[in-house]
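What follows is query.cif (mmCIF, C-alpha atoms and all ligand atoms).
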```
data_target
loop_
_atom_site.label_atom_id
_atom_site.label_comp_id
_atom_site.auth_asym_id
_atom_site.auth_seq_id
_atom_site.Cartn_x
_atom_site.Cartn_y
_atom_site.Cartn_z
CA MET A 1 9.36 5.05 28.63
CA ALA A 2 6.79 2.97 26.78
CA PHE A 3 3.49 4.67 25.97
CA ASP A 4 0.81 3.75 28.50
CA SER A 5 -1.22 0.78 27.19
CA ALA A 6 -4.46 1.89 28.89
CA ARG A 7 -4.13 5.23 27.13
CA GLN A 8 -3.47 3.51 23.80
CA ARG A 9 -6.58 1.37 24.32
CA ARG A 10 -8.67 4.41 25.22
CA ILE A 11 -7.51 6.37 22.20
CA MET A 12 -7.78 3.52 19.71
CA GLY A 13 -11.11 2.48 21.24
CA HIS A 14 -12.45 5.69 19.72
CA PHE A 15 -11.49 4.53 16.25
CA ALA A 16 -14.89 3.21 15.12
CA THR A 17 -14.65 -0.11 13.30
CA GLY A 18 -16.75 -2.88 11.87
CA VAL A 19 -16.63 -6.30 13.50
CA THR A 20 -15.43 -9.51 11.89
CA VAL A 21 -15.17 -13.13 12.90
CA VAL A 22 -11.97 -14.66 11.52
CA THR A 23 -12.56 -18.38 11.06
CA THR A 24 -10.10 -21.11 10.15
CA GLY A 25 -10.39 -24.79 9.34
CA GLY A 26 -8.20 -27.65 8.18
CA PRO A 27 -5.89 -30.24 9.78
CA ALA A 28 -6.02 -28.54 13.19
CA GLY A 29 -9.83 -28.31 13.08
CA PRO A 30 -12.19 -25.34 13.06
CA HIS A 31 -11.66 -22.31 15.26
CA GLY A 32 -12.16 -18.56 15.13
CA LEU A 33 -12.05 -15.27 16.92
CA THR A 34 -13.78 -11.92 16.83
CA ALA A 35 -11.39 -9.36 15.35
CA ASN A 36 -11.46 -5.72 14.35
CA SER A 37 -7.74 -5.31 13.59
CA VAL A 38 -8.51 -6.17 9.98
CA ALA A 39 -7.33 -4.10 7.04
CA SER A 40 -7.22 -4.35 3.31
CA LEU A 41 -3.47 -4.36 2.59
CA SER A 42 -2.84 -4.68 -1.15
CA LEU A 43 -4.88 -4.89 -4.35
CA ASP A 44 -2.14 -6.37 -6.57
CA PRO A 45 -1.59 -8.95 -5.24
CA PRO A 46 -4.89 -9.03 -3.28
CA LEU A 47 -3.91 -9.12 0.39
CA VAL A 48 -5.71 -8.54 3.66
CA LEU A 49 -4.28 -8.56 7.19
CA VAL A 50 -5.41 -9.36 10.70
CA ALA A 51 -3.39 -8.90 13.91
CA VAL A 52 -3.84 -11.76 16.39
CA ASP A 53 -2.78 -11.74 20.04
CA LYS A 54 0.02 -14.27 20.59
CA ARG A 55 -1.90 -15.60 23.61
CA ALA A 56 -5.06 -16.35 21.59
CA HIS A 57 -5.99 -20.02 21.17
CA SER A 58 -6.61 -19.17 17.50
CA MET A 59 -2.88 -18.71 16.99
CA ASP A 60 -2.06 -22.45 16.76
CA PHE A 61 -5.09 -23.13 14.54
CA LEU A 62 -4.23 -20.31 12.10
CA GLN A 63 -0.59 -21.37 11.90
CA ALA A 64 -1.45 -25.04 11.34
CA ASN A 65 -4.38 -24.57 8.95
CA ARG A 66 -2.64 -21.83 6.90
CA CYS A 67 -5.97 -20.30 5.92
CA PHE A 68 -8.66 -17.99 7.26
CA ALA A 69 -11.92 -16.34 6.29
CA VAL A 70 -12.74 -12.79 7.31
CA ASN A 71 -16.51 -12.69 7.95
CA ILE A 72 -17.86 -9.14 8.23
CA LEU A 73 -20.76 -9.21 10.69
CA THR A 74 -24.21 -7.70 10.33
CA ARG A 75 -26.05 -5.85 13.10
CA GLU A 76 -28.04 -9.06 13.73
CA GLN A 77 -24.82 -10.96 14.59
CA GLU A 78 -23.84 -9.37 17.90
CA ASP A 79 -24.39 -12.75 19.59
CA VAL A 80 -22.00 -14.37 17.07
CA SER A 81 -19.41 -11.71 17.87
CA ARG A 82 -19.76 -12.40 21.60
CA ARG A 83 -19.50 -16.14 21.00
CA PHE A 84 -16.19 -15.77 19.13
CA ALA A 85 -14.82 -13.22 21.60
CA THR A 86 -14.77 -15.88 24.33
CA PRO A 87 -11.42 -17.71 24.60
CA GLY A 88 -11.15 -21.43 23.93
CA PRO A 89 -13.08 -23.94 21.80
CA LYS A 90 -15.69 -22.33 19.60
CA ASP A 91 -19.24 -23.58 19.22
CA PHE A 92 -20.21 -23.49 15.53
CA GLU A 93 -23.58 -25.06 16.43
CA GLY A 94 -26.56 -23.31 14.90
CA LEU A 95 -24.49 -21.24 12.45
CA SER A 96 -25.11 -21.57 8.70
CA LEU A 97 -21.72 -22.49 7.27
CA LEU A 98 -20.37 -22.65 3.73
CA PRO A 99 -17.08 -24.40 2.92
CA GLY A 100 -14.44 -21.98 1.67
CA VAL A 101 -12.08 -23.21 -1.05
CA THR A 102 -9.23 -22.80 1.46
CA GLY A 103 -10.94 -25.01 4.06
CA ALA A 104 -12.00 -22.08 6.26
CA PRO A 105 -15.68 -22.21 7.29
CA ILE A 106 -17.62 -19.20 6.00
CA LEU A 107 -20.50 -17.70 7.96
CA ALA A 108 -23.29 -17.70 5.38
CA ASP A 109 -25.26 -14.99 7.19
CA SER A 110 -22.38 -12.51 7.27
CA LEU A 111 -22.53 -9.16 5.46
CA ALA A 112 -19.54 -10.14 3.32
CA PHE A 113 -16.55 -12.46 3.51
CA LEU A 114 -13.03 -12.96 2.19
CA ASP A 115 -11.50 -16.44 1.91
CA CYS A 116 -7.71 -16.33 2.32
CA ARG A 117 -4.61 -18.50 2.26
CA VAL A 118 -1.95 -17.45 4.75
CA HIS A 119 0.61 -15.60 2.64
CA GLU A 120 2.93 -14.38 5.39
CA ILE A 121 3.08 -14.16 9.18
CA LEU A 122 4.83 -11.01 10.38
CA PRO A 123 5.95 -9.97 13.87
CA GLY A 124 3.89 -7.26 15.56
CA GLY A 125 4.95 -6.94 19.19
CA ASP A 126 2.62 -9.01 21.36
CA HIS A 127 0.57 -9.85 18.23
CA LEU A 128 1.36 -11.67 14.99
CA ILE A 129 0.15 -10.17 11.72
CA PHE A 130 -1.47 -12.73 9.45
CA VAL A 131 -1.31 -11.58 5.85
CA GLY A 132 -3.83 -13.46 3.74
CA GLU A 133 -3.90 -13.87 -0.01
CA ILE A 134 -7.55 -13.41 -1.01
CA VAL A 135 -8.75 -16.32 -3.13
CA GLY A 136 -12.49 -15.79 -2.84
CA GLY A 137 -15.11 -13.49 -1.42
CA GLU A 138 -18.63 -12.21 -1.70
CA TYR A 139 -20.75 -9.28 -0.58
CA HIS A 140 -24.12 -10.49 0.69
CA GLY A 141 -25.51 -7.18 1.90
CA GLY A 142 -27.13 -6.02 5.12
CA GLU A 143 -26.38 -3.49 7.82
CA PRO A 144 -22.98 -3.68 9.55
CA LEU A 145 -22.30 -4.30 13.22
CA LEU A 146 -20.02 -1.56 14.57
CA TYR A 147 -17.73 -1.32 17.60
CA TYR A 148 -16.90 1.97 19.29
CA ALA A 149 -15.67 2.91 22.78
CA GLY A 150 -16.03 -0.67 24.04
CA LYS A 151 -19.63 -1.10 22.88
CA TYR A 152 -21.46 -2.63 19.96
CA ARG A 153 -23.21 0.02 17.87
CA ARG A 154 -25.47 0.32 14.89
CA MET A 155 -25.32 2.79 12.04
CA LEU A 156 -27.77 5.69 12.22
CA ASP A 157 -27.50 6.17 8.48
CA PRO A 158 -26.90 2.77 6.87
CA GLY A 159 -27.53 4.30 3.40
C1 LIG B 201 -14.88 -6.12 18.96
C2 LIG B 201 -13.71 -7.02 19.28
C3 LIG B 201 -12.58 -6.99 18.48
C4 LIG B 201 -11.48 -7.82 18.74
N1 LIG B 201 -10.39 -7.77 17.92
C5 LIG B 201 -9.34 -8.60 18.14
C6 LIG B 201 -8.23 -8.60 17.24
O1 LIG B 201 -8.21 -7.88 16.25
N2 LIG B 201 -7.20 -9.45 17.51
C7 LIG B 201 -7.21 -10.29 18.59
O2 LIG B 201 -6.24 -11.04 18.77
N3 LIG B 201 -8.26 -10.31 19.46
C8 LIG B 201 -9.32 -9.50 19.24
N4 LIG B 201 -10.41 -9.53 20.08
C9 LIG B 201 -10.38 -10.43 21.23
C10 LIG B 201 -10.66 -11.89 20.84
O3 LIG B 201 -11.87 -12.02 20.11
C11 LIG B 201 -10.75 -12.74 22.12
O4 LIG B 201 -9.54 -12.64 22.82
C12 LIG B 201 -11.08 -14.21 21.85
O5 LIG B 201 -11.44 -14.78 23.07
C13 LIG B 201 -9.93 -15.02 21.27
O6 LIG B 201 -10.35 -16.37 21.22
P1 LIG B 201 -9.27 -17.55 21.24
O7 LIG B 201 -8.42 -17.35 22.46
O8 LIG B 201 -10.09 -18.81 21.29
O9 LIG B 201 -8.50 -17.42 19.98
C14 LIG B 201 -11.52 -8.70 19.84
C15 LIG B 201 -12.67 -8.74 20.66
C16 LIG B 201 -13.75 -7.91 20.37
C17 LIG B 201 -14.99 -7.97 21.25
#
```
Show me this structure written as structure tokens.
Amino acid sequence: MAFDSARQRRIMGHFATGVTVVTTGGPAGPHGLTANSVASLSLDPPLVLVAVDKRAHSMDFLQANRCFAVNILTREQEDVSRRFATPGPKDFEGLSLLPGVTGAPILADSLAFLDCRVHEILPGGDHLIFVGEIVGGEYHGGEPLLYYAGKYRRMLDPG
């Protein structure tokens, strides 16, 4: 019998993460989603991955544009996270954007970003795993936005 999904959510919800907005741009137009299933995958070659729900509107945009930027959010960007966690067309209004070399819009106020070309799309159950080849990136600094047990959190000891 398959492991209970509510239990999986509850357990994995206690894996504290940062929060990113994965943006894409190109022939299909700009789009994005809030994502925490992001991981650094390989250093040589430089690869990063994000798992995207097959039902997400972002799916078509990512597949058509073949690029994405991983924008790591600061504690001041909880509203941005909420904006990109709402399904459907995304409102980029009022956000400071920089053009990535891949065509993905970069959130200038993020803590750090990676600009990626889609290297591979792998199956992952009800998600697809987008493996990105990192072609650019920068650390801007700031305090991270965290997510734990279904709530946004801030670091007690940001260092
Ligand atoms: C903290 C947080 C992390 C999330 N992580 C992911 C993720 O890794 N993959 C995913 O597909 N959805 C994730 N979501 C849900 C999407 O952001 C949400 O479904 C969004 O509405 C998708 O937008 P779209 O349908 O326009 O693509 C996350 C939501 C939150 C609040």
**Message:** Around ligand LIG 201 (chain B), which protein and nucleic acid residues have at least one atom no more than 6 Å from it, if we count only C-alpha atoms and all ligand atoms? List them as a list in words.
**Reply:** Val19, Leu33, Thr34, Ala35, Asn36, Ser37, Ala51, Val52, Asp53, Ala56, His57, Ser58, Phe84, Ala85, Thr86, Pro87, Gly88, Pro89 and Tyr147 of chain A
Contacts between stretch 91-114 of chain A and stretch 130-159 of chain A, please, where a residue of stretch 130-159 of chain A counts if it comes within 10 Å (with only C-alpha atoms); show its shortest atom pair and distance in Å to one decimal, rows by chain and ascending number, as a tab-separated table.
```
residue	atom	partner	partner_atom	distance
A:Gly132	CA	A:Leu114	CA	9.3
A:Glu133	CA	A:Leu114	CA	9.4
A:Ile134	CA	A:Leu114	CA	6.4
A:Val135	CA	A:Leu114	CA	7.6
A:Gly136	CA	A:Leu114	CA	5.8
A:Gly137	CA	A:Leu114	CA	4.2
A:Glu138	CA	A:Ala112	CA	5.5
A:Tyr139	CA	A:Ala112	CA	4.2
A:His140	CA	A:Leu111	CA	5.2
A:Gly141	CA	A:Leu111	CA	5.0
A:Gly142	CA	A:Leu111	CA	5.6
A:Glu143	CA	A:Leu111	CA	7.2
A:Pro144	CA	A:Leu111	CA	6.9
A:Leu145	CA	A:Leu111	CA	9.2
```
Give me a file of those residues, with C-alpha atoms, as a PDB file, in the frame of the given file.
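Written file, again15.pdb:
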```
ATOM      1  CA  GLY A 132      -3.830 -13.460   3.740  1.00  0.00           C
ATOM      2  CA  GLU A 133      -3.900 -13.870  -0.010  1.00  0.00           C
ATOM      3  CA  ILE A 134      -7.550 -13.410  -1.010  1.00  0.00           C
ATOM      4  CA  VAL A 135      -8.750 -16.320  -3.130  1.00  0.00           C
ATOM      5  CA  GLY A 136     -12.490 -15.790  -2.840  1.00  0.00           C
ATOM      6  CA  GLY A 137     -15.110 -13.490  -1.420  1.00  0.00           C
ATOM      7  CA  GLU A 138     -18.630 -12.210  -1.700  1.00  0.00           C
ATOM      8  CA  TYR A 139     -20.750  -9.280  -0.580  1.00  0.00           C
ATOM      9  CA  HIS A 140     -24.120 -10.490   0.690  1.00  0.00           C
ATOM     10  CA  GLY A 141     -25.510  -7.180   1.900  1.00  0.00           C
ATOM     11  CA  GLY A 142     -27.130  -6.020   5.120  1.00  0.00           C
ATOM     12  CA  GLU A 143     -26.380  -3.490   7.820  1.00  0.00           C
ATOM     13  CA  PRO A 144     -22.980  -3.680   9.550  1.00  0.00           C
ATOM     14  CA  LEU A 145     -22.300  -4.300  13.220  1.00  0.00           C
TER      15      LEU A 145
END
```
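Each of A:Arg66, A:Arg154, A:Arg9, A:Arg75 was checked against A:Arg117 using only C-alpha atoms; the smallest atom-to-atom distance is that of A:Arg66.
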**Request:** Would you list the residues near (-14.3, -16.5, 8.8), meaning any protein, DNA or RNA residue with an atom at most 6 Å from that point in file coordinates, counting all atoms listed in the file, as a PyMOL selection string?
**Result:** chain A and resi 21-23+69-71+106
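Pairwise distance (atom CA of A:Leu146, atom CA of A:Thr24) equals 22.4 Å.
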Please identify every residue of stretch 43-81 of chain A that has at least one atom no farther than 9 Å from an atom of stretch 123-131 of chain A, counting all atoms listed in the file, and for each give the shortest atom pair and the distance in Å to one decimal, arranged by chain then increasing number, as CSV.
```
residue,atom,partner,partner_atom,distance
A:Leu47,CA,A:Val131,CA,6.5
A:Val48,CA,A:Val131,CA,5.8
A:Leu49,CA,A:Val131,CA,4.4
A:Val50,CA,A:Phe130,CA,5.3
A:Ala51,CA,A:Ile129,CA,4.4
A:Val52,CA,A:His127,CA,5.1
A:Asp53,CA,A:His127,CA,4.3
A:Lys54,CA,A:His127,CA,5.0
A:Arg55,CA,A:His127,CA,8.3
A:Met59,CA,A:Leu128,CA,8.5
A:Leu62,CA,A:Phe130,CA,8.5
```
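Pairwise distance (atom CA of A:Gly13, atom CA of A:His119) equals 28.5 Å.
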Provide an axis-aligned box for all listed atoms of stretch 87-92 of chain A, padding each side by 8 Å; report its centre and its edge lengths in Å to one decimal, as lines of an AutoDock Vina configuration file.
```
center_x = -15.7
center_y = -20.8
center_z = 20.1
size_x = 25.1
size_y = 22.2
size_z = 25.1
```
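Nearest-residue note for A:Gly150: choosing from A:His14, A:Glu120, A:Ser5, A:Asp44, the minimum distance belongs to A:His14, counting all atoms listed in the file.
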**Atom-to-atom span, atom CA of A:Arg7 and atom CA of A:Ala39, Å** =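 We find that atom CA of A:Arg7 and atom CA of A:Ala39 lie 22.4 Å from each other.
Candidate residues A:Ile121, A:Pro46, A:Ser81, A:Ile11 were compared for distance to A:Gln63, and the nearest is A:Ile121, using all atoms listed in the file.
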Could you give me, as an mmCIF file with C-alpha atoms, in the coordinates of the input, the residues within 10 Å of A:Tyr148, counting all atoms listed in the file and dropping anything in the same chain fewer than 4 positions from it?
```cif
data_model
loop_
_atom_site.group_PDB
_atom_site.id
_atom_site.type_symbol
_atom_site.label_atom_id
_atom_site.label_comp_id
_atom_site.auth_asym_id
_atom_site.auth_seq_id
_atom_site.Cartn_x
_atom_site.Cartn_y
_atom_site.Cartn_z
ATOM 1 C CA MET A 12 -7.780 3.520 19.710
ATOM 2 C CA GLY A 13 -11.110 2.480 21.240
ATOM 3 C CA HIS A 14 -12.450 5.690 19.720
ATOM 4 C CA PHE A 15 -11.490 4.530 16.250
ATOM 5 C CA ALA A 16 -14.890 3.210 15.120
ATOM 6 C CA THR A 17 -14.650 -0.110 13.300
ATOM 7 C CA GLY A 18 -16.750 -2.880 11.870
ATOM 8 C CA TYR A 152 -21.460 -2.630 19.960
ATOM 9 C CA ARG A 153 -23.210 0.020 17.870
ATOM 10 C CA ARG A 154 -25.470 0.320 14.890
#
```
Starting from the sparse input, extend stretch 67-92 of chain A to N, CA, C and O atoms and give the output as an mmCIF file, in the coordinates of the input.
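Output saved as part.cif:
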```cif
data_model
loop_
_atom_site.group_PDB
_atom_site.id
_atom_site.type_symbol
_atom_site.label_atom_id
_atom_site.label_comp_id
_atom_site.auth_asym_id
_atom_site.auth_seq_id
_atom_site.Cartn_x
_atom_site.Cartn_y
_atom_site.Cartn_z
ATOM 1 N N CYS A 67 -4.895 -20.978 6.653
ATOM 2 C CA CYS A 67 -5.970 -20.300 5.920
ATOM 3 C C CYS A 67 -6.891 -19.612 6.928
ATOM 4 O O CYS A 67 -6.894 -19.956 8.112
ATOM 5 N N PHE A 68 -7.622 -18.607 6.426
ATOM 6 C CA PHE A 68 -8.660 -17.990 7.260
ATOM 7 C C PHE A 68 -9.683 -17.281 6.382
ATOM 8 O O PHE A 68 -9.380 -16.899 5.249
ATOM 9 N N ALA A 69 -10.889 -17.153 6.932
ATOM 10 C CA ALA A 69 -11.920 -16.340 6.290
ATOM 11 C C ALA A 69 -12.227 -15.162 7.192
ATOM 12 O O ALA A 69 -12.329 -15.315 8.417
ATOM 13 N N VAL A 70 -12.327 -13.997 6.583
ATOM 14 C CA VAL A 70 -12.740 -12.790 7.310
ATOM 15 C C VAL A 70 -14.234 -12.616 7.035
ATOM 16 O O VAL A 70 -14.630 -12.365 5.893
ATOM 17 N N ASN A 71 -15.053 -12.811 8.069
ATOM 18 C CA ASN A 71 -16.510 -12.690 7.950
ATOM 19 C C ASN A 71 -16.938 -11.366 8.569
ATOM 20 O O ASN A 71 -16.805 -11.175 9.786
ATOM 21 N N ILE A 72 -17.423 -10.461 7.742
ATOM 22 C CA ILE A 72 -17.860 -9.140 8.230
ATOM 23 C C ILE A 72 -19.286 -9.286 8.751
ATOM 24 O O ILE A 72 -20.166 -9.755 8.022
ATOM 25 N N LEU A 73 -19.480 -8.922 10.029
ATOM 26 C CA LEU A 73 -20.760 -9.210 10.690
ATOM 27 C C LEU A 73 -21.820 -8.146 10.420
ATOM 28 O O LEU A 73 -21.514 -6.959 10.253
ATOM 29 N N THR A 74 -23.066 -8.613 10.429
ATOM 30 C CA THR A 74 -24.210 -7.700 10.330
ATOM 31 C C THR A 74 -24.668 -7.306 11.731
ATOM 32 O O THR A 74 -24.282 -7.940 12.732
ATOM 33 N N ARG A 75 -25.540 -6.319 11.803
ATOM 34 C CA ARG A 75 -26.050 -5.850 13.100
ATOM 35 C C ARG A 75 -26.826 -6.946 13.840
ATOM 36 O O ARG A 75 -26.990 -6.877 15.045
ATOM 37 N N GLU A 76 -27.303 -7.944 13.094
ATOM 38 C CA GLU A 76 -28.040 -9.060 13.730
ATOM 39 C C GLU A 76 -27.083 -10.086 14.341
ATOM 40 O O GLU A 76 -27.550 -11.043 14.962
ATOM 41 N N GLN A 77 -25.771 -9.924 14.159
ATOM 42 C CA GLN A 77 -24.820 -10.960 14.590
ATOM 43 C C GLN A 77 -23.994 -10.590 15.826
ATOM 44 O O GLN A 77 -22.908 -11.120 16.012
ATOM 45 N N GLU A 78 -24.560 -9.728 16.665
ATOM 46 C CA GLU A 78 -23.840 -9.370 17.900
ATOM 47 C C GLU A 78 -23.586 -10.613 18.766
ATOM 48 O O GLU A 78 -22.518 -10.758 19.362
ATOM 49 N N ASP A 79 -24.560 -11.519 18.799
ATOM 50 C CA ASP A 79 -24.390 -12.750 19.590
ATOM 51 C C ASP A 79 -23.249 -13.606 19.028
ATOM 52 O O ASP A 79 -22.504 -14.239 19.788
ATOM 53 N N VAL A 80 -23.096 -13.611 17.697
ATOM 54 C CA VAL A 80 -22.000 -14.370 17.070
ATOM 55 C C VAL A 80 -20.667 -13.731 17.463
ATOM 56 O O VAL A 80 -19.699 -14.425 17.785
ATOM 57 N N SER A 81 -20.633 -12.411 17.453
ATOM 58 C CA SER A 81 -19.410 -11.710 17.870
ATOM 59 C C SER A 81 -19.041 -12.066 19.303
ATOM 60 O O SER A 81 -17.881 -12.371 19.589
ATOM 61 N N ARG A 82 -20.027 -12.067 20.183
ATOM 62 C CA ARG A 82 -19.760 -12.400 21.600
ATOM 63 C C ARG A 82 -19.275 -13.852 21.727
ATOM 64 O O ARG A 82 -18.376 -14.155 22.504
ATOM 65 N N ARG A 83 -19.870 -14.723 20.956
ATOM 66 C CA ARG A 83 -19.500 -16.140 21.000
ATOM 67 C C ARG A 83 -18.017 -16.326 20.639
ATOM 68 O O ARG A 83 -17.301 -17.085 21.275
ATOM 69 N N PHE A 84 -17.567 -15.611 19.610
ATOM 70 C CA PHE A 84 -16.190 -15.770 19.130
ATOM 71 C C PHE A 84 -15.201 -14.860 19.858
ATOM 72 O O PHE A 84 -14.003 -14.906 19.590
ATOM 73 N N ALA A 85 -15.706 -14.049 20.777
ATOM 74 C CA ALA A 85 -14.820 -13.220 21.600
ATOM 75 C C ALA A 85 -14.540 -13.883 22.942
ATOM 76 O O ALA A 85 -13.931 -13.288 23.825
ATOM 77 N N THR A 86 -15.013 -15.116 23.098
ATOM 78 C CA THR A 86 -14.770 -15.880 24.330
ATOM 79 C C THR A 86 -13.635 -16.864 24.052
ATOM 80 O O THR A 86 -13.693 -17.612 23.070
ATOM 81 N N PRO A 87 -12.572 -16.852 24.882
ATOM 82 C CA PRO A 87 -11.420 -17.710 24.600
ATOM 83 C C PRO A 87 -11.739 -19.190 24.680
ATOM 84 O O PRO A 87 -12.603 -19.597 25.445
ATOM 85 N N GLY A 88 -11.013 -19.972 23.861
ATOM 86 C CA GLY A 88 -11.150 -21.430 23.930
ATOM 87 C C GLY A 88 -11.971 -21.976 22.788
ATOM 88 O O GLY A 88 -12.252 -21.260 21.827
ATOM 89 N N PRO A 89 -12.361 -23.271 22.885
ATOM 90 C CA PRO A 89 -13.080 -23.940 21.800
ATOM 91 C C PRO A 89 -14.316 -23.153 21.392
ATOM 92 O O PRO A 89 -15.023 -22.610 22.243
ATOM 93 N N LYS A 90 -14.562 -23.118 20.088
ATOM 94 C CA LYS A 90 -15.690 -22.330 19.600
ATOM 95 C C LYS A 90 -16.834 -23.241 19.175
ATOM 96 O O LYS A 90 -16.613 -24.284 18.545
ATOM 97 N N ASP A 91 -18.032 -22.838 19.533
ATOM 98 C CA ASP A 91 -19.240 -23.580 19.220
ATOM 99 C C ASP A 91 -19.800 -23.059 17.896
ATOM 100 O O ASP A 91 -20.313 -21.943 17.836
ATOM 101 N N PHE A 92 -19.686 -23.882 16.833
ATOM 102 C CA PHE A 92 -20.210 -23.490 15.530
ATOM 103 C C PHE A 92 -21.673 -23.924 15.374
ATOM 104 O O PHE A 92 -22.274 -23.710 14.331
#
```
